[in-house]
file target_29.cif (mmCIF, C-alpha atoms)
data_my_file
#
loop_
_atom_site.label_atom_id
_atom_site.label_comp_id
_atom_site.auth_asym_id
_atom_site.auth_seq_id
_atom_site.Cartn_x
_atom_site.Cartn_y
_atom_site.Cartn_z
CA MET A 726 -1.92 -5.01 -18.54
CA LYS A 727 -3.23 -3.25 -21.66
CA LEU A 728 -1.05 -1.68 -24.33
CA HIS A 729 -2.75 0.92 -26.49
CA ASN A 730 -0.61 1.09 -29.58
CA TYR A 731 -0.31 1.00 -33.37
CA PHE A 732 1.56 -1.60 -35.36
CA ARG A 733 3.66 0.90 -37.31
CA SER A 734 4.43 3.26 -34.40
CA SER A 735 8.13 3.01 -33.52
CA ALA A 736 7.49 4.06 -29.94
CA SER A 737 4.80 1.36 -29.58
CA PHE A 738 7.15 -1.23 -31.08
CA ARG A 739 9.81 -0.35 -28.45
CA VAL A 740 7.41 -1.20 -25.62
CA ARG A 741 6.19 -4.39 -27.32
CA ILE A 742 9.82 -5.58 -27.51
CA ALA A 743 10.36 -4.90 -23.80
CA LEU A 744 7.15 -6.75 -22.87
CA GLU A 745 8.16 -9.74 -25.01
CA LEU A 746 11.73 -9.81 -23.66
CA LYS A 747 10.32 -9.94 -20.14
CA GLY A 748 7.68 -12.50 -21.07
CA LEU A 749 4.87 -10.26 -19.82
CA ILE A 750 1.35 -10.99 -21.07
CA TYR A 751 -0.61 -7.97 -22.27
CA GLU A 752 -3.78 -7.11 -24.11
CA TYR A 753 -3.11 -5.47 -27.47
CA ILE A 754 -5.44 -2.53 -28.09
CA PRO A 755 -4.97 -0.96 -31.54
CA VAL A 756 -5.27 2.81 -32.01
CA GLN A 757 -5.56 3.84 -35.65
CA ILE A 758 -3.05 6.69 -35.75
CA ALA A 759 -3.21 7.04 -39.53
CA ARG A 760 -6.95 7.72 -39.17
CA GLY A 761 -6.40 10.22 -36.33
CA ASP A 762 -8.11 8.10 -33.67
CA HIS A 763 -5.51 9.12 -31.06
CA LYS A 764 -6.94 12.65 -31.06
CA LYS A 765 -10.59 11.59 -30.77
CA GLU A 766 -12.74 10.08 -28.05
CA PRO A 767 -12.60 7.58 -26.46
CA TYR A 768 -8.77 7.49 -26.70
CA ALA A 769 -8.26 11.22 -26.16
CA ALA A 770 -9.95 10.95 -22.75
CA LEU A 771 -7.69 8.08 -21.76
CA SER A 772 -4.39 9.54 -22.96
CA ALA A 773 -3.28 12.92 -21.62
CA ASP A 774 -0.73 13.43 -24.39
CA HIS A 775 -2.88 11.95 -27.20
CA LEU A 776 0.03 9.78 -28.27
CA VAL A 777 0.76 6.07 -28.41
CA PRO A 778 1.88 3.95 -26.70
CA LEU A 779 -0.12 4.06 -23.49
CA LEU A 780 0.29 1.27 -20.97
CA GLU A 781 -2.49 0.55 -18.46
CA VAL A 782 -0.90 -1.25 -15.55
CA ASN A 783 -1.69 -1.50 -11.82
CA GLY A 784 -4.58 0.96 -12.29
CA GLU A 785 -2.26 3.62 -13.74
CA ARG A 786 -1.91 4.94 -17.27
CA LEU A 787 1.70 5.41 -18.36
CA SER A 788 2.99 7.26 -21.40
CA GLN A 789 6.32 7.80 -23.19
CA SER A 790 7.97 4.61 -24.35
CA MET A 791 11.36 4.96 -22.63
CA ALA A 792 9.71 5.86 -19.31
CA ILE A 793 7.39 2.86 -19.66
CA ILE A 794 10.29 0.51 -20.38
CA GLU A 795 12.27 1.74 -17.36
CA TYR A 796 9.15 1.25 -15.22
CA LEU A 797 8.71 -2.31 -16.48
CA ASP A 798 12.41 -2.93 -15.86
CA GLU A 799 12.12 -1.71 -12.27
CA LEU A 800 9.05 -3.85 -11.53
CA HIS A 801 10.19 -6.92 -13.45
CA PRO A 802 14.00 -6.80 -13.23
CA THR A 803 14.71 -10.09 -15.06
CA PRO A 804 15.94 -10.07 -17.76
CA ALA A 805 17.43 -6.61 -17.12
CA LEU A 806 17.09 -4.03 -19.90
CA LEU A 807 19.59 -1.68 -18.25
CA PRO A 808 23.14 -2.53 -17.06
CA ALA A 809 23.86 -2.98 -13.36
CA ASP A 810 26.36 -0.08 -13.19
CA ALA A 811 25.71 3.66 -13.44
CA LEU A 812 28.12 4.21 -16.34
CA GLY A 813 26.54 1.35 -18.30
CA ARG A 814 23.09 2.80 -17.67
CA ALA A 815 24.29 6.21 -18.87
CA ARG A 816 25.62 4.61 -22.08
CA VAL A 817 22.43 2.67 -22.77
CA ARG A 818 20.17 5.63 -22.02
CA ALA A 819 22.29 7.87 -24.26
CA LEU A 820 22.05 5.37 -27.13
CA ALA A 821 18.29 5.07 -26.66
CA GLN A 822 17.92 8.86 -26.55
CA SER A 823 20.05 9.20 -29.68
CA ILE A 824 17.23 7.43 -31.48
CA ALA A 825 14.27 8.73 -29.48
CA CYS A 826 15.34 12.39 -29.27
CA GLU A 827 17.43 12.89 -32.43
CA ILE A 828 15.92 10.72 -35.18
CA HIS A 829 12.39 9.56 -34.53
CA PRO A 830 10.75 12.89 -33.55
CA LEU A 831 11.67 14.41 -36.91
CA ASN A 832 10.25 11.56 -38.90
CA ASN A 833 7.00 10.53 -37.35
CA LEU A 834 3.68 10.72 -39.14
CA ARG A 835 2.44 14.05 -37.77
CA VAL A 836 5.66 15.79 -38.81
CA LEU A 837 5.62 14.35 -42.33
CA LYS A 838 1.95 15.39 -42.61
CA TYR A 839 2.80 18.96 -41.52
CA LEU A 840 5.54 19.15 -44.15
CA VAL A 841 3.10 18.17 -46.90
CA ARG A 842 -0.09 19.92 -45.74
CA ASP A 843 1.22 23.11 -44.18
CA LEU A 844 4.58 23.68 -45.83
CA LYS A 845 3.49 22.26 -49.23
CA VAL A 846 6.65 20.18 -49.43
CA GLU A 847 6.79 17.82 -52.45
CA GLU A 848 6.95 14.04 -52.01
CA GLU A 849 10.62 13.81 -52.97
CA ALA A 850 11.69 16.62 -50.63
CA LYS A 851 9.70 14.98 -47.82
CA ASN A 852 11.49 11.69 -48.41
CA ASN A 853 14.84 13.50 -48.52
CA TRP A 854 14.00 15.13 -45.19
CA TYR A 855 13.27 11.71 -43.70
CA ARG A 856 16.44 10.17 -45.05
CA HIS A 857 18.60 13.15 -44.05
CA TRP A 858 17.73 13.01 -40.34
CA CYS A 859 17.66 9.26 -40.22
CA ARG A 860 21.02 8.80 -41.93
CA GLU A 861 22.67 11.61 -39.90
CA GLY A 862 21.31 10.10 -36.69
CA LEU A 863 22.36 6.56 -37.52
CA GLU A 864 25.88 7.74 -38.39
CA ALA A 865 26.08 9.41 -34.96
CA PHE A 866 24.78 6.18 -33.42
CA GLU A 867 27.47 4.16 -35.20
CA ARG A 868 30.20 6.55 -34.00
CA GLN A 869 29.01 5.96 -30.45
CA LEU A 870 29.09 2.17 -30.86
CA VAL A 871 32.65 2.39 -32.22
CA GLN A 872 33.78 3.97 -28.95
CA LEU A 873 32.09 1.36 -26.75
CA PRO A 874 33.40 -2.12 -25.89
CA ALA A 875 32.74 -4.71 -28.62
CA SER A 876 29.43 -6.46 -27.96
CA THR A 877 26.69 -8.55 -29.53
CA TYR A 878 23.91 -6.04 -29.05
CA CYS A 879 24.12 -2.24 -28.79
CA TYR A 880 25.67 -2.49 -25.34
CA GLY A 881 26.81 -5.80 -23.92
CA ASN A 882 25.73 -9.32 -24.63
CA THR A 883 22.04 -9.06 -23.80
CA PRO A 884 19.44 -6.74 -25.33
CA THR A 885 18.84 -3.42 -23.56
CA LEU A 886 16.67 -0.33 -23.80
CA ALA A 887 19.01 0.79 -26.60
CA ASP A 888 18.09 -2.22 -28.73
CA CYS A 889 14.38 -1.64 -27.98
CA CYS A 890 14.81 1.78 -29.61
CA LEU A 891 17.20 0.84 -32.43
CA VAL A 892 15.22 -1.99 -34.01
CA PRO A 893 11.97 -0.03 -34.62
CA GLN A 894 14.03 2.82 -36.10
CA ILE A 895 15.68 0.44 -38.58
CA PHE A 896 12.27 -1.01 -39.56
CA ASN A 897 10.97 2.51 -40.11
CA ALA A 898 14.07 3.56 -42.06
CA ALA A 899 13.79 0.53 -44.33
CA ARG A 900 10.29 1.66 -45.36
CA PHE A 901 11.85 4.93 -46.55
CA ASN A 902 14.77 3.22 -48.31
CA VAL A 903 17.43 4.72 -46.05
CA ASN A 904 20.94 3.62 -47.01
CA PHE A 905 22.44 1.40 -44.31
CA ASP A 906 25.95 1.23 -45.80
CA GLY A 907 28.82 2.03 -43.46
CA LEU A 908 26.90 1.19 -40.29
CA PRO A 909 28.40 -2.25 -39.50
CA LEU A 910 28.07 -2.21 -35.71
CA THR A 911 24.56 -0.79 -35.79
CA MET A 912 23.37 -3.34 -38.32
CA ALA A 913 25.10 -6.20 -36.49
CA ALA A 914 23.21 -5.26 -33.32
CA TYR A 915 20.00 -5.09 -35.34
CA ASP A 916 20.63 -8.55 -36.86
CA ALA A 917 21.44 -10.03 -33.44
CA CYS A 918 18.14 -8.65 -32.09
CA MET A 919 16.08 -9.92 -35.00
CA ALA A 920 17.40 -13.43 -34.42
CA LEU A 921 15.53 -13.42 -31.10
CA PRO A 922 11.88 -14.53 -30.85
CA ALA A 923 10.96 -11.51 -28.67
CA PHE A 924 11.85 -9.05 -31.44
CA GLN A 925 10.12 -11.18 -34.06
CA LYS A 926 6.90 -11.41 -32.02
CA ALA A 927 6.87 -7.63 -31.46
CA GLN A 928 7.43 -6.62 -35.09
CA PRO A 929 4.72 -4.75 -37.01
CA SER A 930 3.82 -7.64 -39.32
CA ALA A 931 3.03 -9.80 -36.27
CA CYS A 932 0.54 -7.24 -34.86
CA PRO A 933 -3.22 -7.85 -35.07
CA ASP A 934 -3.87 -4.41 -36.64
CA SER A 935 -1.28 -4.89 -39.40
CA GLN A 936 -3.87 -6.77 -41.47
CA ALA A 937 -6.63 -4.19 -41.09
CA MET B 160 34.17 17.79 -14.28
CA LYS B 161 33.94 19.63 -17.61
CA LEU B 162 30.71 20.56 -19.35
CA HIS B 163 31.01 21.28 -23.06
CA ASN B 164 27.95 23.32 -23.85
CA TYR B 165 26.38 26.39 -25.40
CA PHE B 166 24.49 29.06 -23.53
CA ARG B 167 21.39 28.90 -25.74
CA SER B 168 21.23 25.11 -26.08
CA SER B 169 18.20 23.80 -24.19
CA ALA B 170 19.82 20.42 -23.66
CA SER B 171 22.92 22.10 -22.20
CA PHE B 172 20.77 24.26 -19.95
CA ARG B 173 19.07 21.12 -18.55
CA VAL B 174 22.41 19.72 -17.39
CA ARG B 175 23.57 23.07 -15.98
CA ILE B 176 20.42 23.15 -13.84
CA ALA B 177 21.07 19.64 -12.52
CA LEU B 178 24.69 20.50 -11.70
CA GLU B 179 23.61 23.66 -9.86
CA LEU B 180 20.82 21.90 -7.97
CA LYS B 181 23.34 19.37 -6.73
CA GLY B 182 25.95 22.00 -5.98
CA LEU B 183 28.53 20.33 -8.21
CA ILE B 184 31.47 22.41 -9.40
CA TYR B 185 32.24 22.18 -13.11
CA GLU B 186 34.37 23.83 -15.75
CA TYR B 187 32.26 25.58 -18.38
CA ILE B 188 33.60 24.96 -21.89
CA PRO B 189 31.69 26.84 -24.58
CA VAL B 190 31.06 25.27 -27.99
CA GLN B 191 29.85 27.75 -30.59
CA ILE B 192 26.96 25.81 -32.10
CA ALA B 193 25.73 28.75 -34.16
CA ARG B 194 29.16 28.82 -35.86
CA GLY B 195 29.15 25.04 -36.42
CA ASP B 196 32.04 24.33 -34.05
CA HIS B 197 30.36 21.13 -32.82
CA LYS B 198 30.97 19.49 -36.20
CA LYS B 199 34.64 20.57 -36.46
CA GLU B 200 37.84 19.57 -34.72
CA PRO B 201 38.74 19.59 -31.91
CA TYR B 202 35.19 19.09 -30.61
CA ALA B 203 34.16 16.53 -33.24
CA ALA B 204 36.96 14.21 -32.06
CA LEU B 205 35.78 14.52 -28.48
CA SER B 206 32.06 14.08 -29.08
CA ALA B 207 30.84 10.93 -30.85
CA ASP B 208 27.46 12.43 -31.66
CA HIS B 209 28.74 15.95 -32.47
CA LEU B 210 26.12 17.43 -30.17
CA VAL B 211 26.12 19.41 -26.94
CA PRO B 212 26.11 18.92 -24.04
CA LEU B 213 29.03 16.61 -23.37
CA LEU B 214 30.09 15.97 -19.78
CA GLU B 215 33.63 14.84 -19.00
CA VAL B 216 33.54 13.10 -15.66
CA ASN B 217 35.62 10.35 -14.04
CA GLY B 218 37.62 9.96 -17.25
CA GLU B 219 34.47 9.28 -19.30
CA ARG B 220 32.65 11.39 -21.87
CA LEU B 221 28.88 11.34 -21.50
CA SER B 222 26.29 12.58 -23.95
CA GLN B 223 22.50 13.10 -24.04
CA SER B 224 21.20 15.46 -21.39
CA MET B 225 18.62 13.20 -19.71
CA ALA B 226 21.10 10.31 -19.52
CA ILE B 227 23.71 12.67 -18.03
CA ILE B 228 21.25 13.95 -15.42
CA GLU B 229 20.25 10.43 -14.36
CA TYR B 230 23.95 9.53 -14.07
CA LEU B 231 24.60 12.58 -11.88
CA ASP B 232 21.55 11.69 -9.80
CA GLU B 233 22.82 8.13 -9.26
CA LEU B 234 26.31 9.28 -8.24
CA HIS B 235 25.20 12.28 -6.20
CA PRO B 236 21.76 11.28 -4.87
CA THR B 237 21.12 14.41 -2.78
CA PRO B 238 19.04 16.37 -3.60
CA ALA B 239 17.23 13.71 -5.61
CA LEU B 240 16.08 14.65 -9.10
CA LEU B 241 13.89 11.56 -9.43
CA PRO B 242 11.23 10.34 -6.96
CA ALA B 243 11.93 7.41 -4.66
CA ASP B 244 9.13 5.22 -6.09
CA ALA B 245 8.90 3.54 -9.50
CA LEU B 246 5.59 5.17 -10.43
CA GLY B 247 6.92 8.61 -9.54
CA ARG B 248 10.02 8.00 -11.64
CA ALA B 249 7.83 6.91 -14.56
CA ARG B 250 5.81 10.13 -14.24
CA VAL B 251 8.87 12.37 -14.07
CA ARG B 252 10.62 10.61 -16.94
CA ALA B 253 7.46 10.83 -19.07
CA LEU B 254 7.18 14.57 -18.40
CA ALA B 255 10.85 15.08 -19.26
CA GLN B 256 10.49 13.03 -22.43
CA SER B 257 7.37 14.99 -23.40
CA ILE B 258 9.69 17.97 -23.74
CA ALA B 259 12.84 16.22 -24.92
CA CYS B 260 11.21 13.87 -27.47
CA GLU B 261 8.10 15.78 -28.57
CA ILE B 262 8.97 19.49 -28.59
CA HIS B 263 12.66 20.27 -28.55
CA PRO B 264 13.84 17.99 -31.41
CA LEU B 265 11.55 19.75 -33.87
CA ASN B 266 12.71 23.19 -32.93
CA ASN B 267 16.43 23.11 -32.50
CA LEU B 268 18.83 25.13 -34.63
CA ARG B 269 19.79 22.45 -37.15
CA VAL B 270 16.14 21.75 -37.94
CA LEU B 271 15.24 25.41 -38.38
CA LYS B 272 18.30 25.79 -40.64
CA TYR B 273 17.20 22.82 -42.76
CA LEU B 274 13.73 24.34 -43.18
CA VAL B 275 15.21 27.58 -44.46
CA ARG B 276 18.20 26.32 -46.47
CA ASP B 277 16.92 23.06 -47.92
CA LEU B 278 13.15 23.47 -47.99
CA LYS B 279 13.25 27.22 -48.74
CA VAL B 280 10.68 27.90 -46.04
CA GLU B 281 9.97 31.62 -45.43
CA GLU B 282 10.71 33.25 -42.08
CA GLU B 283 7.06 33.45 -41.05
CA ALA B 284 6.34 29.81 -41.92
CA LYS B 285 9.46 28.78 -39.99
CA ASN B 286 8.26 30.67 -36.94
CA ASN B 287 4.79 29.13 -37.31
CA TRP B 288 6.41 25.69 -37.41
CA TYR B 289 8.25 26.47 -34.20
CA ARG B 290 5.17 27.77 -32.44
CA HIS B 291 2.96 24.93 -33.69
CA TRP B 292 5.07 22.14 -32.19
CA CYS B 293 5.90 24.07 -29.06
CA ARG B 294 2.32 25.04 -28.32
CA GLU B 295 0.95 21.58 -29.12
CA GLY B 296 3.61 20.01 -26.90
CA LEU B 297 3.05 22.39 -24.00
CA GLU B 298 -0.71 21.78 -24.14
CA ALA B 299 -0.03 18.04 -23.88
CA PHE B 300 2.34 18.76 -20.99
CA GLU B 301 -0.36 20.78 -19.21
CA ARG B 302 -2.92 17.98 -19.67
CA GLN B 303 -0.47 15.61 -17.97
CA LEU B 304 0.05 17.97 -15.04
CA VAL B 305 -3.73 18.29 -14.60
CA GLN B 306 -3.95 14.53 -14.01
CA LEU B 307 -1.11 14.45 -11.46
CA PRO B 308 -1.34 15.38 -7.76
CA ALA B 309 -1.17 19.13 -7.12
CA SER B 310 2.43 20.19 -6.52
CA THR B 311 4.81 23.12 -6.46
CA TYR B 312 7.05 21.92 -9.28
CA CYS B 313 6.20 19.63 -12.20
CA TYR B 314 6.02 16.64 -9.88
CA GLY B 315 6.11 17.01 -6.13
CA ASN B 316 7.54 19.70 -3.94
CA THR B 317 11.17 19.59 -5.05
CA PRO B 318 12.56 20.11 -8.57
CA THR B 319 13.07 17.01 -10.68
CA LEU B 320 14.38 15.96 -14.07
CA ALA B 321 11.04 17.18 -15.46
CA ASP B 322 11.75 20.74 -14.27
CA CYS B 323 15.29 20.53 -15.69
CA CYS B 324 13.65 19.96 -19.09
CA LEU B 325 10.67 22.30 -18.77
CA VAL B 326 12.50 25.50 -17.85
CA PRO B 327 14.87 25.58 -20.87
CA GLN B 328 11.92 24.88 -23.17
CA ILE B 329 10.02 27.86 -21.77
CA PHE B 330 13.07 30.09 -22.22
CA ASN B 331 13.40 28.92 -25.80
CA ALA B 332 9.67 29.35 -26.48
CA ALA B 333 9.74 32.89 -25.12
CA ARG B 334 12.38 33.81 -27.73
CA PHE B 335 9.90 32.73 -30.42
CA ASN B 336 6.94 34.51 -28.80
CA VAL B 337 4.99 31.35 -28.09
CA ASN B 338 1.64 32.01 -26.42
CA PHE B 339 1.65 30.71 -22.83
CA ASP B 340 -2.06 31.35 -22.16
CA GLY B 341 -4.04 28.44 -20.75
CA LEU B 342 -1.02 26.67 -19.27
CA PRO B 343 -1.45 27.57 -15.59
CA LEU B 344 0.15 24.51 -14.00
CA THR B 345 3.05 24.49 -16.43
CA MET B 346 3.79 28.18 -15.90
CA ALA B 347 3.38 27.88 -12.11
CA ALA B 348 6.04 25.15 -12.10
CA TYR B 349 8.27 27.35 -14.27
CA ASP B 350 7.82 30.31 -11.91
CA ALA B 351 8.57 28.15 -8.86
CA CYS B 352 11.78 26.95 -10.51
CA MET B 353 12.92 30.42 -11.52
CA ALA B 354 12.60 31.58 -7.90
CA LEU B 355 15.47 29.19 -7.07
CA PRO B 356 19.13 30.30 -7.31
CA ALA B 357 20.13 27.06 -9.11
CA PHE B 358 17.87 27.83 -12.07
CA GLN B 359 18.97 31.47 -12.13
CA LYS B 360 22.67 30.54 -12.13
CA ALA B 361 22.16 28.07 -14.98
CA GLN B 362 20.19 30.39 -17.26
CA PRO B 363 21.64 31.48 -20.61
CA SER B 364 22.24 35.11 -19.61
CA ALA B 365 24.45 33.92 -16.72
CA CYS B 366 26.70 31.89 -19.03
CA PRO B 367 30.19 33.13 -19.94
CA ASP B 368 29.58 32.70 -23.69
CA SER B 369 26.35 34.70 -23.66
CA GLN B 370 28.39 37.90 -23.96
CA ALA B 371 30.53 36.73 -26.87
#

call {"tool": "encode", "arguments": {"input": "target_29.cif", "output": "structure tokens"}}
result
Amino acid sequence: MKLHNYFRSSASFRVRIALELKGLIYEYIPVQIARGDHKKEPYAALSADHLVPLLEVNGERLSQSMAIIEYLDELHPTPALLPADALGRARVRALAQSIACEIHPLNNLRVLKYLVRDLKVEEEAKNNWYRHWCREGLEAFERQLVQLPASTYCYGNTPTLADCCLVPQIFNAARFNVNFDGLPLTMAAYDACMALPAFQKAQPSACPDSQA
Amino acid sequence: MKLHNYFRSSASFRVRIALELKGLIYEYIPVQIARGDHKKEPYAALSADHLVPLLEVNGERLSQSMAIIEYLDELHPTPALLPADALGRARVRALAQSIACEIHPLNNLRVLKYLVRDLKVEEEAKNNWYRHWCREGLEAFERQLVQLPASTYCYGNTPTLADCCLVPQIFNAARFNVNFDGLPLTMAAYDACMALPAFQKAQPSACPDSQA
């Protein structure tokens, strides 16, 4: 199994967490997103969407982090990253999508670059943009957790797909000095995750390309 | 079953398609997003994330369109909106997420409003922003379809979650005059979907609030 990814990419980090939680061995192949390598050969020929992460597994190339994690969960069901019941799965998927569809897409590198290069947005306004969507999204995430049963992680007492998405978002937000006040359940889930070796091993500073 | 939604919301449209494909009866409850009703009572008390769609079903309130559709598919498996094999599911989820995580979040109403109100972006630059992300995302979508087996819809010969996401995006893109040239497989899947009554019944112009 080969994971094409980038240490700072949130979507890559999600998949690394899932692989570590399941104890799956993989080859780490860095793609220098900041340098634009994802749009050039040889990576562009390998990846139809020119994005990271890309997982090579069983002769197939898989894209989109949440789809990859569900695939890994179906092929390697223990430990489970989705609850056993349909309602639980709907809750976990909704939490994951609250990060992956509402926060992260607005704040990734290509969007911030477009703001600066094409819309001539100043540094401070760019950072305000980042913090606006991130804070608004995390507040919505917290409101969802408030309505769910009390639990150690985002949903239940073992990490799920929702935690795989939350933790990278918090790492990313910390780099932009997002205010985490008033998000007690969200930050408690984050802290519970970061106490686990799988999340520590998957974090950006533990990646081979973080020192490049 | 009650669907809180808005005729022009792409995410709402996705769920309407799934409900129609499965022949499920639901009460249509309009939420006037353009007027900001999703952030005010009584809707704000009902919806933890203050977004549409929200499905009330079996005494639960579910959010996030893709999570809702997977839940409906698990409870009402016929016709299936996801393939029977893990690889097929990974492909369909990745296609759906290519729309729902890469295109739509950058182009929804709240983002366009932020560009204009907070970043003082001119009308033309706003429309260029829309078209840039939409076109880039649809080209990536087309490259994925090229690598998949030939099929009538996005994946295979029955509509899936991927089609539920594609069709609303094409409707939305058409409103902003996005260029659809060079996307033959994508547009063939769209045309195949729009020949089906389920997609026609779910479209914005068929919604009760489209005349308001």

call {"tool": "closest_atom_pairs", "arguments": {"input": "target_29.cif", "of": "chain B", "to": "chain A", "cutoff": "6 Å", "atoms": "all atoms listed in the file", "output": "tab-separated table"}}
result
residue	atom	partner	partner_atom	distance
B:Ala207	CA	A:Gln869	CA	5.3
B:Asp208	CA	A:Ala865	CA	4.7
B:Gln223	CA	A:Ala819	CA	5.2
B:Ala226	CA	A:Ala815	CA	5.2
B:Tyr230	CA	A:Ala815	CA	5.8
B:Ala249	CA	A:Ala792	CA	5.2
B:Arg252	CA	A:Ala792	CA	5.4
B:Ala253	CA	A:Gln789	CA	5.2
B:Cys260	CA	A:Cys826	CA	4.7
B:Ala299	CA	A:Asp774	CA	4.7
B:Arg302	CA	A:Ala773	CA	5.4
B:Gln303	CA	A:Ala773	CA	5.3

call {"tool": "closest_residue", "arguments": {"input": "target_29.cif", "among": "B:Ala309, B:Val337, B:Leu320, B:Leu213", "to": "Ser171 in chain B", "atoms": "only C-alpha atoms"}}
result
B:Leu213

call {"tool": "closest_residue", "arguments": {"input": "target_29.cif", "among": "B:Ala203, B:Leu344, B:Ala170, B:Ala193", "to": "Ser310 in chain B", "atoms": "all atoms listed in the file"}}
result
B:Leu344

call {"tool": "closest_residue", "arguments": {"input": "target_29.cif", "among": "A:Gly761, A:Pro922, A:Gly907, A:Pro929", "to": "Leu834 in chain A", "atoms": "only C-alpha atoms"}}
result
A:Gly761

call {"tool": "closest_residue", "arguments": {"input": "target_29.cif", "among": "A:Ala898, A:Leu780, A:Leu744, A:Ile758", "to": "His729 in chain A", "atoms": "all atoms listed in the file"}}
result
A:Leu780

call {"tool": "atom_distance", "arguments": {"input": "target_29.cif", "atom1": "CA of Met160 in chain B", "atom2": "CA of Glu215 in chain B"}}
result
5.6 Å

call {"tool": "residues_around", "arguments": {"input": "target_29.cif", "residues": "Lys161 in chain B", "least_positions_apart": "4", "cutoff": "8 Å", "atoms": "only C-alpha atoms", "output": "VMD selection string"}}
result
chain B and resid 185 to 188 214 to 216

call {"tool": "decode", "arguments": {"input": "target_29.cif", "residues": "range 261-272 of chain B", "atoms": "N, CA, C and O atoms", "output": "compact mmCIF listing (two decimals), in the first residue's frame"}}
result
# COMPACT_ATOMS: atom_id res chain seq x y z
N GLU B 261 -15.00 19.71 -3.22
CA GLU B 261 -14.05 20.49 -4.04
C GLU B 261 -14.71 21.64 -4.80
O GLU B 261 -14.05 22.62 -5.10
N ILE B 262 -15.97 21.50 -5.14
CA ILE B 262 -16.62 22.55 -5.96
C ILE B 262 -17.65 23.33 -5.15
O ILE B 262 -17.52 24.54 -4.96
N HIS B 263 -18.66 22.63 -4.67
CA HIS B 263 -19.79 23.32 -4.07
C HIS B 263 -19.45 24.23 -2.87
O HIS B 263 -19.99 25.34 -2.77
N PRO B 264 -18.55 23.80 -1.97
CA PRO B 264 -18.30 24.65 -0.79
C PRO B 264 -17.74 26.03 -1.14
O PRO B 264 -17.93 26.98 -0.38
N LEU B 265 -17.07 26.12 -2.28
CA LEU B 265 -16.47 27.41 -2.66
C LEU B 265 -17.47 28.34 -3.31
O LEU B 265 -17.22 29.53 -3.45
N ASN B 266 -18.59 27.78 -3.70
CA ASN B 266 -19.51 28.56 -4.53
C ASN B 266 -20.90 28.72 -3.94
O ASN B 266 -21.81 29.14 -4.65
N ASN B 267 -21.07 28.39 -2.67
CA ASN B 267 -22.43 28.55 -2.16
C ASN B 267 -22.68 30.00 -1.73
O ASN B 267 -21.78 30.84 -1.74
N LEU B 268 -23.92 30.27 -1.41
CA LEU B 268 -24.37 31.66 -1.23
C LEU B 268 -23.58 32.41 -0.17
O LEU B 268 -23.19 33.56 -0.36
N ARG B 269 -23.32 31.75 0.97
CA ARG B 269 -22.64 32.48 2.06
C ARG B 269 -21.23 32.89 1.66
O ARG B 269 -20.73 33.94 2.07
N VAL B 270 -20.58 32.06 0.83
CA VAL B 270 -19.23 32.38 0.39
C VAL B 270 -19.25 33.54 -0.60
O VAL B 270 -18.45 34.48 -0.49
N LEU B 271 -20.17 33.49 -1.54
CA LEU B 271 -20.27 34.59 -2.52
C LEU B 271 -20.61 35.90 -1.80
O LEU B 271 -20.10 36.97 -2.16
N LYS B 272 -21.47 35.81 -0.78
CA LYS B 272 -21.80 37.02 0.00
C LYS B 272 -20.58 37.57 0.73
O LYS B 272 -20.38 38.78 0.80
